[in-house]
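What follows is a set of notes on a single structure, which appears directly below.
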Amino acid sequence: MKAVKQVRKAIIPAAGLGTRMLPISRAVPKEMLPIMDYPALYYLVKEAADSGITDVLVITGRDKNAMEEFFDYSPEYDATLTKKGRDEDVKLLHEICDMVNVYFLRQKEPKGLGHAVLRAKDFVGDEPFAILYGDDIIFSKRPVVRQLIDTYEKYGLSAVGVKEVPTEQLAKYCSMKAQKIEDGENEYYVDDMIEKPKPGEEFSNLAILGRVLLTPEIFQILENTEPGAGGEIQLTDAMAAYARAYGVTAKVFEGDRYDIGSKLGFAKANFVKALEHPETREEFAKFVKEYLEKE
Ligand code: UTP
């Protein structure tokens with residue numbers, strides 16, 4: 001088994017144009033859309049922090065400055081809230097900024113997820129690192145990045161977060177060539193994968209949903225990866241080459257994932273949080289029931 005290193009760093013690619021969420025994404029980055037009272041990006045940074053990550057690099061793009069503002073102190077809010085005796089709110093705003101070190105780097109052109117990740121090469125250096133896809137929000141008991149770190153530490157191999165996806169939906173995702181690990185905790189060895197498989201090209205129903213943990217060898221591969229599906233540099237194409245060269249593990253993670261880059265996923269995530277939030281849950285549940293009973 002290869003020696004494992006502590007996983008301290010994470011990347012959140014958030015530079016995509018978000019065309020599935022137009023027209024709102026023209027003015028508000030989809031990663032800043034609210035899931036109840038927090039922007040989507042907050043849930044990702046929090047998941048990283050709760051997993052033991054200390055440094056997060058957000059790959060950003062033009063017109064996405066709101067992401068940076070959210071993770072900075074606001075003396076104006078502090079002063080107003082303090083005057084009103086709302087010290088708890090001041091504390092909360094500071095806690096958000098102090099969870100981890102958050103860095104921002106621009107991907108000057110949205111040439112794909114792989115291209116976005118390659119921007120992080122110098123940030124990563126020679127350490128293992130996690131990637132949290134910017135529009136995949138996962139609600140779970142144990143943070144999914146932590147679940148992947150556990151798998152990485154157990155086998156000494158990179159780990160990708162997967163779920164079983166119905167065959168007809170695999171074309172939207174990717175498909176793993178995987179063998180179940182005996183005595184593993186829902187873990188697999190992966191030796192190949194395919195991005196957006198056409199019918200008949202699938203290896204299995206296991207697809208990566210939003211979280212991976214890789215070692216820096218991926219960067220050399222990414223540098224030599226040609227544009228793939230959609231003319232973009234695909235991270236999965238590079239991970240496939242990586243899996244064939246070094247081997248990868250997959251973990252069927254515990255947690256509910258929502259693609260907030262799609263209207264349906266965005267609506268579902270808000271629905272779930274509204275049903276859980278102490279300020280809204282009772283009235284909202286009542287409202288939903290009454291609404292559905294209406295003719
Ligand atoms: P998606 O393919 O879902 O994002 O990428 P997109 O291109 O913004 O979406 P649509 O299809 O136009 O609606 C997954 C994640 O990777 C980031 C996105 O911001 C998203 O969080 N991404 C994608 C980049 O950072 N750079 C890119 O060039 C592409």
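If you're wondering about the labels, chains in the structure tokens are A, B, ... by order shown, residues count from 1 in each chain, ligands from 1 in order shown.
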
Inset, instruction - Enumerate as a PyMOL selection string the residues within 10 Å of ligand 1, counting only C-alpha atoms and all ligand atoms. - result: chain A and resi 11-22+25+29-31+41+58-61+106-117+119+131-136+172+210+230+232-235+259-263

Find the nearest atom pair between each residue of segment 3-71 of chain A and segment 144-151 of chain A for residues within 12 Å, count only C-alpha atoms, give distances in Å to one decimal, sort rows by chain and ascending number, and present the table as a Markdown table.
| residue | atom | partner | partner_atom | distance |
| --- | --- | --- | --- | --- |
| A:Val4 | CA | A:Ile149 | CA | 10.0 |
| A:Lys5 | CA | A:Ile149 | CA | 10.2 |
| A:Gln6 | CA | A:Ile149 | CA | 8.8 |
| A:Val7 | CA | A:Ile149 | CA | 7.2 |
| A:Arg8 | CA | A:Ile149 | CA | 10.2 |
| A:Lys9 | CA | A:Val145 | CA | 10.9 |
| A:Ala10 | CA | A:Val145 | CA | 9.2 |
| A:Ile11 | CA | A:Val145 | CA | 11.4 |
| A:Tyr43 | CA | A:Val144 | CA | 11.7 |
| A:Leu44 | CA | A:Val145 | CA | 9.8 |
| A:Val45 | CA | A:Val145 | CA | 10.8 |
| A:Lys46 | CA | A:Val145 | CA | 10.6 |
| A:Glu47 | CA | A:Val145 | CA | 7.0 |
| A:Ala48 | CA | A:Val145 | CA | 6.5 |
| A:Ala49 | CA | A:Val145 | CA | 9.4 |
| A:Asp50 | CA | A:Arg146 | CA | 7.8 |
| A:Ser51 | CA | A:Arg146 | CA | 4.5 |
| A:Gly52 | CA | A:Arg146 | CA | 7.5 |
| A:Ile53 | CA | A:Val145 | CA | 8.9 |

Inset, instruction - Give the strand (DSSP E or B) residues of segment 222-263 of chain A, as assigned by DSSP on the backbone, as a list in words. - result: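 Put together, the selection reads Val248, Thr249, Ala250, Lys251, Val252, Asp256, Arg257, Tyr258 and Asp259 of chain A.
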
For the residues in that selection, give me N, CA, C and O atoms as a CSV table (one decimal), in the first residue's frame.
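Below is the file that was written, part.csv:
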chain,number,residue,atom,x,y,z
A,248,VAL,N,-7.9,3.1,-8.6
A,248,VAL,CA,-8.7,4.0,-7.9
A,248,VAL,C,-9.7,3.2,-7.1
A,248,VAL,O,-10.0,2.1,-7.4
A,249,THR,N,-10.1,3.7,-5.9
A,249,THR,CA,-11.3,3.1,-5.3
A,249,THR,C,-12.5,3.9,-5.4
A,249,THR,O,-12.4,5.1,-5.7
A,250,ALA,N,-13.7,3.3,-5.2
A,250,ALA,CA,-14.9,4.0,-5.2
A,250,ALA,C,-15.7,3.7,-3.9
A,250,ALA,O,-15.6,2.6,-3.5
A,251,LYS,N,-16.3,4.7,-3.4
A,251,LYS,CA,-17.0,4.5,-2.2
A,251,LYS,C,-18.5,4.9,-2.5
A,251,LYS,O,-18.8,6.0,-2.9
A,252,VAL,N,-19.4,4.0,-2.2
A,252,VAL,CA,-20.8,4.3,-2.3
A,252,VAL,C,-21.2,5.1,-1.0
A,252,VAL,O,-21.3,4.6,0.0
A,256,ASP,N,-27.6,12.3,0.7
A,256,ASP,CA,-28.6,12.6,-0.4
A,256,ASP,C,-28.0,13.8,-1.2
A,256,ASP,O,-27.7,14.8,-0.6
A,257,ARG,N,-27.8,13.5,-2.5
A,257,ARG,CA,-27.2,14.5,-3.3
A,257,ARG,C,-28.2,15.3,-4.2
A,257,ARG,O,-29.1,14.7,-4.7
A,258,TYR,N,-28.0,16.6,-4.3
A,258,TYR,CA,-28.9,17.4,-5.1
A,258,TYR,C,-28.1,18.2,-6.1
A,258,TYR,O,-27.1,18.9,-5.7
A,259,ASP,N,-28.4,18.1,-7.4
A,259,ASP,CA,-27.7,18.9,-8.4
A,259,ASP,C,-28.4,20.2,-8.5
A,259,ASP,O,-29.4,20.4,-9.2

Inset, instruction - For atom CA of Phe253 of chain A and atom CA of Tyr188 of chain A, quote the distance in Å rounded to one decimal. - result: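 Between these atoms lies a distance of 11.5 Å.
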
Inset, instruction - Have a look at A:Met193, A:Ile35, A:Ala241, A:Val56 and name the one nearest to Glu276 of chain A; count only C-alpha atoms. - result: A:Ile35
